[in-house]
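Undergrad: mmCIF, C-alpha atoms and all ligand atoms, saved as coords_26.cif, coming up:
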```
data_input
loop_
_atom_site.label_atom_id
_atom_site.label_comp_id
_atom_site.auth_asym_id
_atom_site.auth_seq_id
_atom_site.Cartn_x
_atom_site.Cartn_y
_atom_site.Cartn_z
CA MET A 92 23.75 28.93 -30.85
CA LYS A 93 22.15 31.33 -28.36
CA GLN A 94 18.37 31.16 -27.82
CA GLU A 95 17.69 34.20 -30.04
CA THR A 96 19.59 32.56 -32.88
CA LYS A 97 17.89 29.19 -32.40
CA CYS A 98 14.50 30.91 -32.72
CA ILE A 99 15.49 31.80 -36.27
CA GLN A 100 17.93 29.08 -37.33
CA ALA A 101 17.26 25.83 -35.45
CA GLY A 102 15.35 22.84 -36.75
CA TYR A 103 15.58 23.44 -40.47
CA GLU A 104 18.65 23.91 -42.62
CA PRO A 105 17.68 24.33 -46.26
CA LYS A 106 20.08 22.76 -48.71
CA ASN A 107 21.28 24.42 -51.89
CA GLY A 108 18.33 25.97 -53.72
CA GLU A 109 15.69 24.85 -51.21
CA SER A 110 13.01 27.14 -49.79
CA ARG A 111 14.21 29.32 -46.90
CA MET A 112 10.94 28.90 -45.03
CA ILE A 113 9.85 25.52 -43.76
CA PRO A 114 7.82 23.82 -46.51
CA ILE A 115 4.22 23.06 -45.64
CA ILE A 116 3.86 19.39 -46.52
CA GLN A 117 0.09 19.43 -46.87
CA SER A 118 -0.19 15.74 -47.58
CA THR A 119 -1.86 12.96 -45.63
CA THR A 120 0.05 10.31 -47.49
CA PHE A 121 3.60 9.47 -48.57
CA LYS A 122 4.46 7.30 -51.54
CA TYR A 123 6.88 4.34 -51.58
CA ASP A 124 8.45 2.33 -54.40
CA THR A 125 7.98 -1.06 -52.78
CA SER A 126 5.85 -2.62 -50.08
CA GLU A 127 9.09 -3.67 -48.38
CA ASP A 128 10.15 -0.01 -48.06
CA MET A 129 6.86 0.82 -46.41
CA GLY A 130 6.94 -2.31 -44.28
CA LYS A 131 10.20 -1.15 -42.71
CA LEU A 132 8.45 2.02 -41.56
CA PHE A 133 5.60 0.05 -40.03
CA ASP A 134 8.11 -2.08 -38.13
CA LEU A 135 10.00 1.06 -37.00
CA GLU A 136 13.02 -0.40 -38.81
CA ALA A 137 13.48 2.76 -40.88
CA SER A 138 12.51 6.34 -40.14
CA GLY A 139 10.24 8.12 -42.58
CA TYR A 140 6.67 9.20 -43.13
CA PHE A 141 3.69 7.22 -44.21
CA TYR A 142 0.59 8.86 -42.81
CA THR A 143 0.11 12.31 -41.27
CA ARG A 144 -2.04 10.99 -38.40
CA LEU A 145 1.28 9.88 -36.85
CA GLN A 146 3.93 12.21 -38.20
CA ASN A 147 4.42 14.96 -40.75
CA PRO A 148 7.72 16.48 -41.95
CA THR A 149 6.60 20.11 -41.40
CA ASN A 150 5.65 19.33 -37.81
CA ASP A 151 8.93 17.56 -37.20
CA LEU A 152 10.99 20.55 -38.38
CA VAL A 153 9.11 22.82 -35.98
CA ALA A 154 9.38 20.26 -33.17
CA ALA A 155 13.15 20.17 -33.79
CA LYS A 156 13.33 23.94 -33.24
CA ILE A 157 11.43 23.65 -29.93
CA CYS A 158 13.66 20.72 -28.98
CA ALA A 159 16.75 22.86 -29.56
CA LEU A 160 15.28 25.77 -27.58
CA GLU A 161 14.58 23.48 -24.60
CA GLY A 162 17.88 21.61 -24.89
CA GLY A 163 16.24 18.20 -25.33
CA THR A 164 17.03 15.10 -27.37
CA ALA A 165 13.68 14.51 -29.10
CA ALA A 166 10.37 16.33 -29.48
CA MET A 167 6.96 16.11 -31.10
CA LEU A 168 4.08 18.47 -31.80
CA THR A 169 0.52 17.73 -30.74
CA SER A 170 -2.79 19.27 -31.73
CA SER A 171 -3.09 21.16 -28.42
CA GLY A 172 -1.50 21.70 -25.04
CA GLN A 173 -4.16 19.41 -23.58
CA ALA A 174 -3.04 16.62 -25.90
CA ALA A 175 0.62 17.27 -24.99
CA ASN A 176 -0.01 16.91 -21.25
CA PHE A 177 -2.29 13.92 -21.72
CA PHE A 178 0.25 12.14 -23.92
CA ALA A 179 3.21 13.00 -21.68
CA VAL A 180 1.54 11.41 -18.65
CA PHE A 181 -0.33 8.58 -20.40
CA ASN A 182 2.86 7.50 -22.16
CA ILE A 183 4.16 6.20 -18.82
CA ALA A 184 1.11 5.89 -16.53
CA GLN A 185 -1.78 3.53 -17.14
CA ASN A 186 -4.77 1.93 -15.43
CA GLY A 187 -3.72 1.18 -11.83
CA ASP A 188 -0.91 3.73 -11.73
CA HIS A 189 -0.56 6.91 -9.72
CA VAL A 190 0.76 10.41 -10.41
CA VAL A 191 1.86 13.19 -8.06
CA ALA A 192 0.89 16.62 -9.42
CA SER A 193 1.19 20.19 -8.24
CA SER A 194 -2.22 21.57 -7.29
CA ALA A 195 -1.33 24.89 -8.94
CA ILE A 196 -1.90 23.99 -12.58
CA TYR A 197 -4.01 25.14 -15.51
CA GLY A 198 -7.74 24.45 -14.98
CA GLY A 199 -7.95 22.34 -18.14
CA THR A 200 -5.07 20.16 -17.00
CA PHE A 201 -6.61 19.80 -13.55
CA ASN A 202 -9.84 18.54 -15.13
CA LEU A 203 -7.96 16.24 -17.46
CA PHE A 204 -6.17 14.65 -14.51
CA ASN A 205 -8.79 14.81 -11.81
CA VAL A 206 -11.82 13.79 -13.87
CA THR A 207 -11.00 12.26 -17.24
CA MET A 208 -7.80 10.39 -16.47
CA ARG A 209 -9.27 9.12 -13.21
CA LYS A 210 -11.96 7.49 -15.36
CA MET A 211 -9.11 5.70 -17.13
CA GLY A 212 -8.02 4.28 -13.78
CA ILE A 213 -5.10 6.59 -13.06
CA ASP A 214 -4.94 7.99 -9.54
CA PHE A 215 -3.65 11.51 -8.78
CA SER A 216 -2.40 13.12 -5.58
CA PHE A 217 -2.23 16.90 -5.68
CA VAL A 218 0.34 18.73 -3.59
CA SER A 219 0.90 22.42 -3.05
CA PRO A 220 3.90 23.70 -5.04
CA ASP A 221 5.03 25.19 -1.71
CA CYS A 222 4.87 21.87 0.15
CA THR A 223 7.77 20.81 2.33
CA GLU A 224 10.06 17.99 1.25
CA GLU A 225 8.32 15.78 3.81
CA GLU A 226 4.85 16.56 2.46
CA LEU A 227 6.04 15.88 -1.06
CA GLU A 228 7.64 12.64 0.03
CA ALA A 229 4.37 11.53 1.67
CA ALA A 230 2.46 11.91 -1.63
CA PHE A 231 4.38 9.07 -3.34
CA LYS A 232 2.98 5.55 -3.60
CA PRO A 233 4.61 2.34 -4.80
CA ASN A 234 2.70 2.73 -8.11
CA THR A 235 3.66 6.41 -8.70
CA LYS A 236 4.92 6.81 -12.28
CA CYS A 237 5.69 10.52 -12.59
CA VAL A 238 5.52 13.96 -11.00
CA PHE A 239 3.86 16.85 -12.83
CA GLY A 240 3.96 20.63 -12.37
CA GLU A 241 3.97 23.96 -14.21
CA SER A 242 7.10 26.12 -14.23
CA ILE A 243 4.89 29.20 -13.76
CA ALA A 244 1.33 28.13 -13.00
CA ASN A 245 -1.54 29.46 -15.11
CA PRO A 246 -3.14 31.52 -13.63
CA ALA A 247 -1.84 31.24 -10.04
CA LEU A 248 1.67 32.43 -11.05
CA THR A 249 3.36 30.18 -8.52
CA VAL A 250 6.89 29.25 -9.55
CA LEU A 251 7.81 25.59 -9.23
CA ASP A 252 10.91 24.69 -7.24
CA PHE A 253 12.33 22.38 -9.93
CA GLU A 254 15.16 21.07 -7.78
CA LYS A 255 12.87 20.13 -4.88
CA PHE A 256 10.43 18.33 -7.19
CA ALA A 257 13.15 16.69 -9.31
CA LYS A 258 14.97 15.41 -6.23
CA ALA A 259 11.78 13.81 -4.88
CA ALA A 260 10.82 12.32 -8.26
CA HIS A 261 14.30 10.89 -8.90
CA SER A 262 14.62 9.44 -5.41
CA HIS A 263 11.48 7.43 -6.27
CA GLY A 264 12.82 6.42 -9.69
CA VAL A 265 10.28 8.43 -11.71
CA PRO A 266 10.59 11.43 -14.06
CA LEU A 267 9.49 15.02 -13.46
CA ILE A 268 7.25 16.44 -16.20
CA VAL A 269 6.95 20.23 -16.37
CA ASP A 270 4.60 22.36 -18.45
CA ASN A 271 6.81 25.31 -19.45
CA THR A 272 4.15 27.26 -21.36
CA PHE A 273 4.34 30.57 -19.47
CA PRO A 274 8.06 31.39 -19.29
CA THR A 275 8.87 29.63 -22.58
CA PRO A 276 12.45 28.40 -23.15
CA ILE A 277 13.46 32.03 -23.69
CA ASN A 278 13.08 32.76 -19.99
CA CYS A 279 13.41 29.30 -18.46
CA ARG A 280 15.01 26.01 -19.43
CA PRO A 281 13.66 23.44 -16.94
CA ILE A 282 15.91 20.64 -18.23
CA GLU A 283 18.92 22.48 -16.80
CA PHE A 284 17.38 22.11 -13.33
CA GLY A 285 16.63 18.39 -13.45
CA VAL A 286 13.29 18.28 -15.29
CA ASP A 287 13.01 15.19 -17.51
CA ILE A 288 10.09 15.92 -19.83
CA VAL A 289 8.91 19.40 -20.86
CA THR A 290 5.47 20.13 -22.32
CA HIS A 291 3.95 23.20 -23.93
CA SER A 292 0.73 24.72 -24.99
CA THR A 293 2.24 26.34 -28.08
CA THR A 294 -1.10 28.16 -28.39
CA LYS A 295 0.30 30.80 -26.03
CA TYR A 296 3.54 32.76 -26.41
CA MET A 297 5.12 30.38 -28.91
CA ASP A 298 2.41 30.98 -31.50
CA GLY A 299 1.96 34.39 -29.97
CA HIS A 300 -0.64 35.78 -32.37
CA ASP A 301 -3.93 33.97 -31.61
CA THR A 302 -3.62 31.89 -34.77
CA GLY A 303 -3.31 28.20 -33.94
CA VAL A 304 -4.00 25.82 -31.07
CA GLY A 305 -1.08 23.44 -30.55
CA GLY A 306 1.18 21.64 -28.13
CA ALA A 307 4.63 20.13 -27.86
CA ILE A 308 6.48 17.50 -25.81
CA VAL A 309 10.27 17.55 -25.38
CA ASP A 310 12.33 14.75 -23.85
CA SER A 311 15.53 15.74 -22.04
CA GLY A 312 17.00 12.30 -22.69
CA ASN A 313 18.24 12.33 -19.09
CA PHE A 314 15.89 9.80 -17.54
CA ASP A 315 17.27 6.28 -17.45
CA TRP A 316 14.18 4.15 -18.13
CA MET A 317 16.08 0.88 -18.10
CA ALA A 318 17.41 1.58 -14.60
CA HIS A 319 13.76 1.55 -13.46
CA ALA A 320 12.50 -1.02 -15.95
CA ASP A 321 10.02 -2.57 -13.51
CA LYS A 322 8.13 0.74 -13.30
CA PHE A 323 8.01 1.40 -17.04
CA PRO A 324 7.09 -1.84 -18.83
CA GLY A 325 5.74 0.17 -21.79
CA LEU A 326 9.22 1.47 -22.54
CA CYS A 327 11.32 -1.40 -21.23
CA THR A 328 9.52 -4.55 -22.41
CA PRO A 329 8.65 -5.63 -25.96
CA ASP A 330 5.71 -3.87 -27.71
CA ASP A 331 3.57 -6.52 -29.40
CA SER A 332 2.06 -3.97 -31.76
CA TYR A 333 5.54 -3.38 -33.19
CA HIS A 334 6.88 -6.91 -33.47
CA GLY A 335 8.42 -6.99 -30.06
CA ILE A 336 10.45 -3.78 -30.16
CA THR A 337 11.65 -2.56 -26.77
CA TYR A 338 11.67 1.23 -27.08
CA ALA A 339 14.30 1.97 -24.45
CA GLU A 340 16.68 -0.52 -26.09
CA LYS A 341 16.07 0.29 -29.72
CA PHE A 342 15.81 4.08 -29.47
CA GLY A 343 17.96 4.63 -26.40
CA GLN A 344 17.47 6.93 -23.46
CA GLY A 345 17.19 10.00 -25.70
CA GLY A 346 14.67 8.66 -28.20
CA ALA A 347 12.49 6.07 -26.48
CA PHE A 348 9.88 8.36 -24.90
CA ILE A 349 9.01 10.37 -28.02
CA THR A 350 9.15 7.35 -30.33
CA LYS A 351 6.72 5.40 -28.15
CA CYS A 352 4.50 8.46 -27.77
CA THR A 353 4.35 8.85 -31.56
CA ALA A 354 4.13 5.18 -32.47
CA GLN A 355 1.42 4.31 -29.93
CA LEU A 356 -0.42 7.40 -28.69
CA MET A 357 -0.36 9.51 -31.83
CA ARG A 358 -1.24 6.43 -33.87
CA ASP A 359 -4.20 5.57 -31.64
CA PHE A 360 -5.50 9.01 -30.62
CA GLY A 361 -4.50 10.96 -33.73
CA SER A 362 -4.01 14.30 -31.98
CA ILE A 363 -1.73 15.60 -34.70
CA GLN A 364 -1.18 19.29 -35.35
CA SER A 365 -2.02 20.33 -38.90
CA PRO A 366 1.10 21.15 -40.94
CA GLN A 367 -0.45 24.54 -41.75
CA ASN A 368 -0.66 25.36 -38.04
CA ALA A 369 2.89 24.13 -37.53
CA PHE A 370 3.96 26.64 -40.17
CA TYR A 371 2.25 29.47 -38.27
CA LEU A 372 3.80 28.21 -35.05
CA ASN A 373 7.23 28.44 -36.65
CA LEU A 374 6.56 32.06 -37.62
CA GLY A 375 5.72 32.77 -33.99
CA LEU A 376 8.89 31.02 -32.81
CA GLU A 377 11.03 33.23 -35.05
CA SER A 378 10.08 36.32 -33.06
CA LEU A 379 9.64 34.59 -29.67
CA ALA A 380 12.80 35.98 -28.04
CA VAL A 381 12.06 39.55 -29.08
CA ARG A 382 8.44 39.31 -27.98
CA MET A 383 9.24 37.75 -24.61
CA ASP A 384 11.61 40.62 -23.80
CA ARG A 385 8.84 43.09 -24.56
CA HIS A 386 6.19 41.11 -22.65
CA VAL A 387 8.43 41.03 -19.58
CA ALA A 388 9.35 44.74 -19.78
CA ASN A 389 5.70 45.79 -20.24
CA ALA A 390 4.42 43.48 -17.50
CA GLN A 391 7.01 44.79 -15.06
CA LYS A 392 5.82 48.38 -15.59
CA VAL A 393 2.16 47.39 -15.42
CA ALA A 394 2.71 45.38 -12.21
CA GLU A 395 4.45 48.37 -10.61
CA PHE A 396 1.59 50.64 -11.70
CA LEU A 397 -1.04 48.27 -10.26
CA GLN A 398 0.86 47.92 -7.00
CA GLN A 399 0.57 51.66 -6.45
CA ASN A 400 -3.04 52.06 -7.57
CA GLU A 401 -5.51 52.82 -4.78
CA ASN A 402 -8.25 50.64 -6.29
CA VAL A 403 -6.11 47.52 -6.40
CA ALA A 404 -6.15 45.19 -3.39
CA TRP A 405 -3.15 43.05 -4.25
CA VAL A 406 -0.82 42.19 -7.14
CA THR A 407 0.90 38.91 -7.90
CA TYR A 408 3.76 38.96 -10.37
CA PRO A 409 6.88 36.88 -9.81
CA GLY A 410 8.98 39.71 -11.27
CA LEU A 411 7.99 42.07 -8.44
CA PRO A 412 10.47 42.28 -5.56
CA GLY A 413 8.56 41.19 -2.47
CA ASP A 414 6.39 38.72 -4.43
CA LYS A 415 6.25 35.33 -2.73
CA TYR A 416 8.00 33.76 -5.74
CA TYR A 417 10.43 36.58 -6.55
CA GLU A 418 13.52 34.82 -5.14
CA ILE A 419 12.77 31.47 -6.72
CA ALA A 420 12.00 33.17 -10.05
CA GLN A 421 15.36 34.94 -9.83
CA LYS A 422 16.99 31.55 -9.43
CA TYR A 423 15.27 29.72 -12.29
CA MET A 424 14.39 32.56 -14.68
CA PRO A 425 16.68 35.52 -13.96
CA ASN A 426 15.96 37.29 -17.26
CA GLY A 427 12.25 37.56 -16.55
CA THR A 428 9.19 35.40 -16.03
CA CYS A 429 6.25 36.08 -18.36
CA GLY A 430 3.73 38.76 -19.25
CA VAL A 431 0.92 37.49 -17.05
CA ILE A 432 -0.06 39.27 -13.84
CA SER A 433 -2.86 38.53 -11.39
CA PHE A 434 -4.44 41.11 -9.16
CA GLY A 435 -7.54 41.78 -7.13
CA VAL A 436 -9.72 44.84 -7.54
CA LYS A 437 -10.89 46.36 -4.24
CA GLY A 438 -14.57 45.53 -3.84
CA GLY A 439 -14.18 41.88 -4.81
CA ARG A 440 -16.13 40.00 -7.44
CA THR A 441 -18.62 42.80 -8.33
CA ALA A 442 -15.99 45.50 -8.65
CA ALA A 443 -13.86 43.14 -10.72
CA GLU A 444 -16.70 42.56 -13.16
CA ALA A 445 -17.34 46.33 -13.46
CA PHE A 446 -13.63 46.89 -14.13
CA MET A 447 -13.65 44.31 -16.90
CA LYS A 448 -16.57 46.07 -18.65
CA LYS A 449 -14.69 49.42 -18.74
CA LEU A 450 -11.59 48.12 -20.51
CA LYS A 451 -11.03 49.37 -24.05
CA ILE A 452 -7.68 47.91 -25.13
CA GLY A 453 -7.58 44.95 -22.77
CA MET A 454 -9.94 42.44 -24.33
CA ILE A 455 -11.94 39.90 -22.38
CA ALA A 456 -10.72 36.52 -23.60
CA THR A 457 -10.10 33.08 -22.17
CA HIS A 458 -6.79 33.33 -23.93
CA VAL A 459 -3.51 34.50 -22.42
CA ALA A 460 0.06 34.98 -23.42
CA ASP A 461 0.02 36.52 -26.84
CA ALA A 462 0.68 39.85 -28.52
CA HIS A 463 -2.70 41.35 -27.53
CA THR A 464 -3.36 42.49 -23.98
CA CYS A 465 -6.17 40.31 -22.62
CA VAL A 466 -8.02 40.00 -19.34
CA LEU A 467 -9.94 37.21 -17.65
CA HIS A 468 -11.90 36.54 -14.47
CA PRO A 469 -11.16 32.80 -14.00
CA ALA A 470 -13.70 32.11 -11.25
CA SER A 471 -16.56 32.95 -13.61
CA SER A 472 -15.01 31.41 -16.75
CA THR A 473 -12.11 28.94 -17.14
CA HIS A 474 -12.22 27.67 -13.55
CA ARG A 475 -15.99 27.61 -13.09
CA GLN A 476 -16.00 23.78 -12.75
CA LEU A 477 -13.99 24.07 -9.55
CA THR A 478 -15.47 24.39 -6.08
CA ASP A 479 -14.36 27.35 -3.92
CA GLU A 480 -12.10 24.98 -2.00
CA GLU A 481 -10.48 23.71 -5.19
CA LEU A 482 -10.14 27.31 -6.43
CA VAL A 483 -8.15 28.25 -3.37
CA ALA A 484 -6.06 25.06 -3.61
CA ALA A 485 -5.30 25.94 -7.22
CA GLY A 486 -4.23 29.41 -6.08
CA VAL A 487 -7.14 31.14 -7.88
CA GLY A 488 -9.30 33.05 -5.42
CA PRO A 489 -12.82 34.11 -6.53
CA ASP A 490 -11.66 37.77 -6.81
CA LEU A 491 -8.62 37.10 -9.00
CA ILE A 492 -8.19 38.91 -12.32
CA ARG A 493 -5.71 37.55 -14.79
CA LEU A 494 -4.10 40.19 -16.94
CA SER A 495 -1.98 39.09 -19.86
CA VAL A 496 0.13 42.07 -20.84
CA GLY A 497 0.67 42.30 -24.59
CA ILE A 498 3.35 43.98 -26.64
CA GLU A 499 1.46 47.22 -27.33
CA ASN A 500 2.96 50.49 -26.09
CA VAL A 501 2.93 50.12 -22.32
CA ASP A 502 1.69 53.69 -21.76
CA ASP A 503 -1.51 52.85 -23.65
CA ILE A 504 -2.01 49.70 -21.58
CA ILE A 505 -1.54 51.58 -18.31
CA GLU A 506 -3.85 54.40 -19.40
CA ASP A 507 -6.57 51.86 -20.20
CA LEU A 508 -6.18 50.12 -16.84
CA GLU A 509 -6.20 53.44 -15.03
CA GLN A 510 -9.50 54.62 -16.50
CA ALA A 511 -11.12 51.21 -15.95
CA LEU A 512 -9.98 51.14 -12.33
CA LYS A 513 -11.38 54.64 -11.76
CA GLY A 514 -14.69 53.43 -13.11
C1 LIG A 601 -3.47 26.83 -22.23
C2 LIG A 601 -2.67 25.93 -21.42
C3 LIG A 601 -2.77 24.54 -21.57
C4 LIG A 601 -3.73 23.90 -22.55
O1 LIG A 601 -3.32 24.20 -23.83
P1 LIG A 601 -4.29 24.21 -25.13
O2 LIG A 601 -3.33 24.52 -26.20
O3 LIG A 601 -5.31 25.25 -24.89
O4 LIG A 601 -4.86 22.85 -25.22
C5 LIG A 601 -1.95 23.74 -20.81
N1 LIG A 601 -1.09 24.27 -19.92
C6 LIG A 601 -0.98 25.61 -19.73
C7 LIG A 601 -0.01 26.14 -18.74
C8 LIG A 601 -1.76 26.48 -20.47
O5 LIG A 601 -1.65 27.80 -20.28
#
```
For the file at hand, write its structure as structure tokens.
TA:
Amino acid sequence: MKQETKCIQAGYEPKNGESRMIPIIQSTTFKYDTSEDMGKLFDLEASGYFYTRLQNPTNDLVAAKICALEGGTAAMLTSSGQAANFFAVFNIAQNGDHVVASSAIYGGTFNLFNVTMRKMGIDFSFVSPDCTEEELEAAFKPNTKCVFGESIANPALTVLDFEKFAKAAHSHGVPLIVDNTFPTPINCRPIEFGVDIVTHSTTKYMDGHDTGVGGAIVDSGNFDWMAHADKFPGLCTPDDSYHGITYAEKFGQGGAFITKCTAQLMRDFGSIQSPQNAFYLNLGLESLAVRMDRHVANAQKVAEFLQQNENVAWVTYPGLPGDKYYEIAQKYMPNGTCGVISFGVKGGRTAAEAFMKKLKIGMIATHVADAHTCVLHPASSTHRQLTDEELVAAGVGPDLIRLSVGIENVDDIIEDLEQALKG
């Protein structure tokens, strides 16, 4: 199936007489005839459901659709994008380990890594996504367990060179994890370029309508854990909490990562998405391909408008010829990037704040990447925890405005921007 078809058809195939839409299994609990039946589930001897803190059938159907869209072997939903990135890294890195991450990542992820996960004893080295192969090489340590980046960084809009990062990660025997929230699998399929694990904040384009916070993790099935067993004892040695199961043996290269992540992390942290939200997420996925086309077309016109406006100092959009990331975006996402643009208003921080106040259609929101056009000044909101130095390292100057172009009529969006810029 093509991507557009998978958006509608993948993940759930109703049998004769069954509901066409994914059923919402709004149940915490699942009933079994015998204790032995249930015991097999607890030992991971049989697959099935017993408690929604770990797994729920509605969620799994939606995860299967996302898995198909990304071209992976296994996937799971989480309660948020934050939970997805935490789980993806914590599933293979623990106290005493080290992670190499791109410095151009979402502010929430940067905090998660640089503050909270450091408290758990995990060390991080941040590298520019534009670093040379030598600089990237120098960031690795003997205890490095993975490399992390964003396909298109929120809000810096840098495009990750997947092949450069994958090559470095694989030469050190560790996987590359990529957050693919902004382009979505409609515009970019990181697994095709060597990425091993893909994560999402489904809160953004996938949901697409401001309805539910959620996340997803997809395993490519391409990383050979057993070939690097010494680095990944959690996957390659027996788990005492499951009667000595070795995930990489029992569930194979394609299933080990997600099974362990569900059986241990979801069990212990309980960051499950509600089945009701998973249902909404599936509705969003059905129209994802159509919406992404419109987001990209609108953003292209808006970026070109901004570029020519006398009150705009600069525009960053990887779909604009001449943008620093135009060529690399053409390579990894030739059909388009996303609907998010950053630009600077002439007059800096004060002028930017005045511009924001004048907007009528563009709403001020911390949110991005959904049907509604929304605008944000990161330095005074989402990224306010960062020092000026860290802001620049994250590619988010103090004057940056993030504009998430929605799927309204583009003429209305441009008219709104034009009057606000005049003001
Ligand atoms: C929003 C976002 C996150 C965090 O997702 P939540 O669903 O808000 O927890 C992570 N990564 C990227 C790229 C994001 O845009």
Undergrad: Tell me, as a ChimeraX atom specification, which residues lie within 12 Å of range 160-162 of chain A, counting only C-alpha atoms; anything in the same chain fewer than 3 positions away does not count.
TA: /A:92-102,153-157,165-166,269-272,274-291,297,307-313,345,376-377,379-380
Undergrad: Taking 6 positions as the minimum chain separation for residues in the same chain, which residues sit within 8 Å of Phe239 in chain A when counting only C-alpha atoms? Answer as a ChimeraX atom specification.
TA: /A:190-193,267-270
Undergrad: For ligand LIG 601 (chain A), return the neighbouring residues as number ranges by chain (distance at most 9 Å; only C-alpha atoms and all ligand atoms).
TA: A: 170-176, 196-200, 241-246, 270-273, 290-295, 303-306, 458-460
Undergrad: Could you please take those selected residues and save C-alpha atoms as a PDB file, in the frame of the given file?
TA:
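Final file, selection.pdb:
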```
ATOM      1  CA  SER A 170      -2.790  19.270 -31.730  1.00  0.00           C
ATOM      2  CA  SER A 171      -3.090  21.160 -28.420  1.00  0.00           C
ATOM      3  CA  GLY A 172      -1.500  21.700 -25.040  1.00  0.00           C
ATOM      4  CA  GLN A 173      -4.160  19.410 -23.580  1.00  0.00           C
ATOM      5  CA  ALA A 174      -3.040  16.620 -25.900  1.00  0.00           C
ATOM      6  CA  ALA A 175       0.620  17.270 -24.990  1.00  0.00           C
ATOM      7  CA  ASN A 176      -0.010  16.910 -21.250  1.00  0.00           C
ATOM      8  CA  ILE A 196      -1.900  23.990 -12.580  1.00  0.00           C
ATOM      9  CA  TYR A 197      -4.010  25.140 -15.510  1.00  0.00           C
ATOM     10  CA  GLY A 198      -7.740  24.450 -14.980  1.00  0.00           C
ATOM     11  CA  GLY A 199      -7.950  22.340 -18.140  1.00  0.00           C
ATOM     12  CA  THR A 200      -5.070  20.160 -17.000  1.00  0.00           C
ATOM     13  CA  GLU A 241       3.970  23.960 -14.210  1.00  0.00           C
ATOM     14  CA  SER A 242       7.100  26.120 -14.230  1.00  0.00           C
ATOM     15  CA  ILE A 243       4.890  29.200 -13.760  1.00  0.00           C
ATOM     16  CA  ALA A 244       1.330  28.130 -13.000  1.00  0.00           C
ATOM     17  CA  ASN A 245      -1.540  29.460 -15.110  1.00  0.00           C
ATOM     18  CA  PRO A 246      -3.140  31.520 -13.630  1.00  0.00           C
ATOM     19  CA  ASP A 270       4.600  22.360 -18.450  1.00  0.00           C
ATOM     20  CA  ASN A 271       6.810  25.310 -19.450  1.00  0.00           C
ATOM     21  CA  THR A 272       4.150  27.260 -21.360  1.00  0.00           C
ATOM     22  CA  PHE A 273       4.340  30.570 -19.470  1.00  0.00           C
ATOM     23  CA  THR A 290       5.470  20.130 -22.320  1.00  0.00           C
ATOM     24  CA  HIS A 291       3.950  23.200 -23.930  1.00  0.00           C
ATOM     25  CA  SER A 292       0.730  24.720 -24.990  1.00  0.00           C
ATOM     26  CA  THR A 293       2.240  26.340 -28.080  1.00  0.00           C
ATOM     27  CA  THR A 294      -1.100  28.160 -28.390  1.00  0.00           C
ATOM     28  CA  LYS A 295       0.300  30.800 -26.030  1.00  0.00           C
ATOM     29  CA  GLY A 303      -3.310  28.200 -33.940  1.00  0.00           C
ATOM     30  CA  VAL A 304      -4.000  25.820 -31.070  1.00  0.00           C
ATOM     31  CA  GLY A 305      -1.080  23.440 -30.550  1.00  0.00           C
ATOM     32  CA  GLY A 306       1.180  21.640 -28.130  1.00  0.00           C
ATOM     33  CA  HIS A 458      -6.790  33.330 -23.930  1.00  0.00           C
ATOM     34  CA  VAL A 459      -3.510  34.500 -22.420  1.00  0.00           C
ATOM     35  CA  ALA A 460       0.060  34.980 -23.420  1.00  0.00           C
TER      36      ALA A 460
END
```
Undergrad: So that I can see what lies close to range 352-368 of chain A, please list as a PyMOL selection string the residues with an atom at most 8 Å from it, counting all atoms listed in the file and leaving out residues fewer than 6 positions away in the same chain.
TA: chain A and resi 115-117+143-147+149-150+167-171+174+178-179+182+302-306
Undergrad: Quick one: pull the distance between CA of Asn202 in chain A and CA of Lys448 in chain A, Å, one decimal.
TA: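 About the pair CA of Asn202 in chain A and CA of Lys448 in chain A: they are 28.6 Å apart.
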Undergrad: Using all atoms listed in the file, which of the listed residues (A:Thr164, A:Phe177, A:Ser332, A:Ala390) sits closest to Phe314 in chain A?
TA: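 Smallest distance to Phe314 in chain A is found for A:Thr164.
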Undergrad: Grab the CA of Lys392 in chain A to CA of Asp414 in chain A distance for me, in Å with one decimal place.
TA: 14.8 Å
Undergrad: Work out how far CA of Pro329 in chain A is from CA of Arg209 in chain A, in Å to one decimal.
TA: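 Rounded to one decimal, the two atoms are 26.5 Å apart.
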Undergrad: With distances taken over only C-alpha atoms, which residue among A:Phe342, A:Tyr333, A:Phe141, A:Phe348 lies nearest Phe181 in chain A?
TA: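 Comparing A:Phe342, A:Tyr333, A:Phe141, A:Phe348 against Phe181 in chain A, the winner is A:Phe348.
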Undergrad: Kindly indicate which residue among A:Ala347, A:Thr464, A:Trp405, A:His334 lies nearest to Lys131 in chain A, using only C-alpha atoms for the distances.
TA: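 Smallest distance to Lys131 in chain A is found for A:His334.
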Undergrad: I'd like to know which of A:Glu340, A:Asp134, A:Ser495, A:Pro412 is closest to Thr328 in chain A, using all atoms listed in the file.
TA: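 Ranking A:Glu340, A:Asp134, A:Ser495, A:Pro412 by distance to Thr328 in chain A, first place goes to A:Glu340.
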Undergrad: Between A:Tyr296, A:Lys449, A:Thr350, A:Asp315, which residue has the minimum interatomic distance to Ser378 in chain A, considering all atoms listed in the file?
TA: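 Of A:Tyr296, A:Lys449, A:Thr350, A:Asp315, the one nearest Ser378 in chain A is A:Tyr296, counting all atoms listed in the file.
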Undergrad: Taking only C-alpha atoms into account, name the residue in A:Leu397, A:Ile336, A:Met424, A:Val180 that is nearest to Glu136 in chain A.
TA: A:Ile336
Undergrad: Show me, as CSV, the residues of range 328-403 of chain A having an atom within 9 Å of range 496-508 of chain A, each with the closest atom pair and its distance in Å, using all atoms listed in the file.
TA:
```
residue,atom,partner,partner_atom,distance
A:Arg382,CA,A:Ile498,CA,7.0
A:Met383,CA,A:Ile498,CA,8.8
A:Arg385,CA,A:Ile498,CA,5.9
A:His386,CA,A:Ile498,CA,5.7
A:Val387,CA,A:Val496,CA,8.5
A:Ala388,CA,A:Val501,CA,8.8
A:Asn389,CA,A:Val501,CA,5.5
A:Ala390,CA,A:Val496,CA,5.6
A:Lys392,CA,A:Val501,CA,7.5
A:Val393,CA,A:Ile505,CA,6.3
A:Phe396,CA,A:Ile505,CA,7.4
A:Leu397,CA,A:Leu508,CA,8.6
```
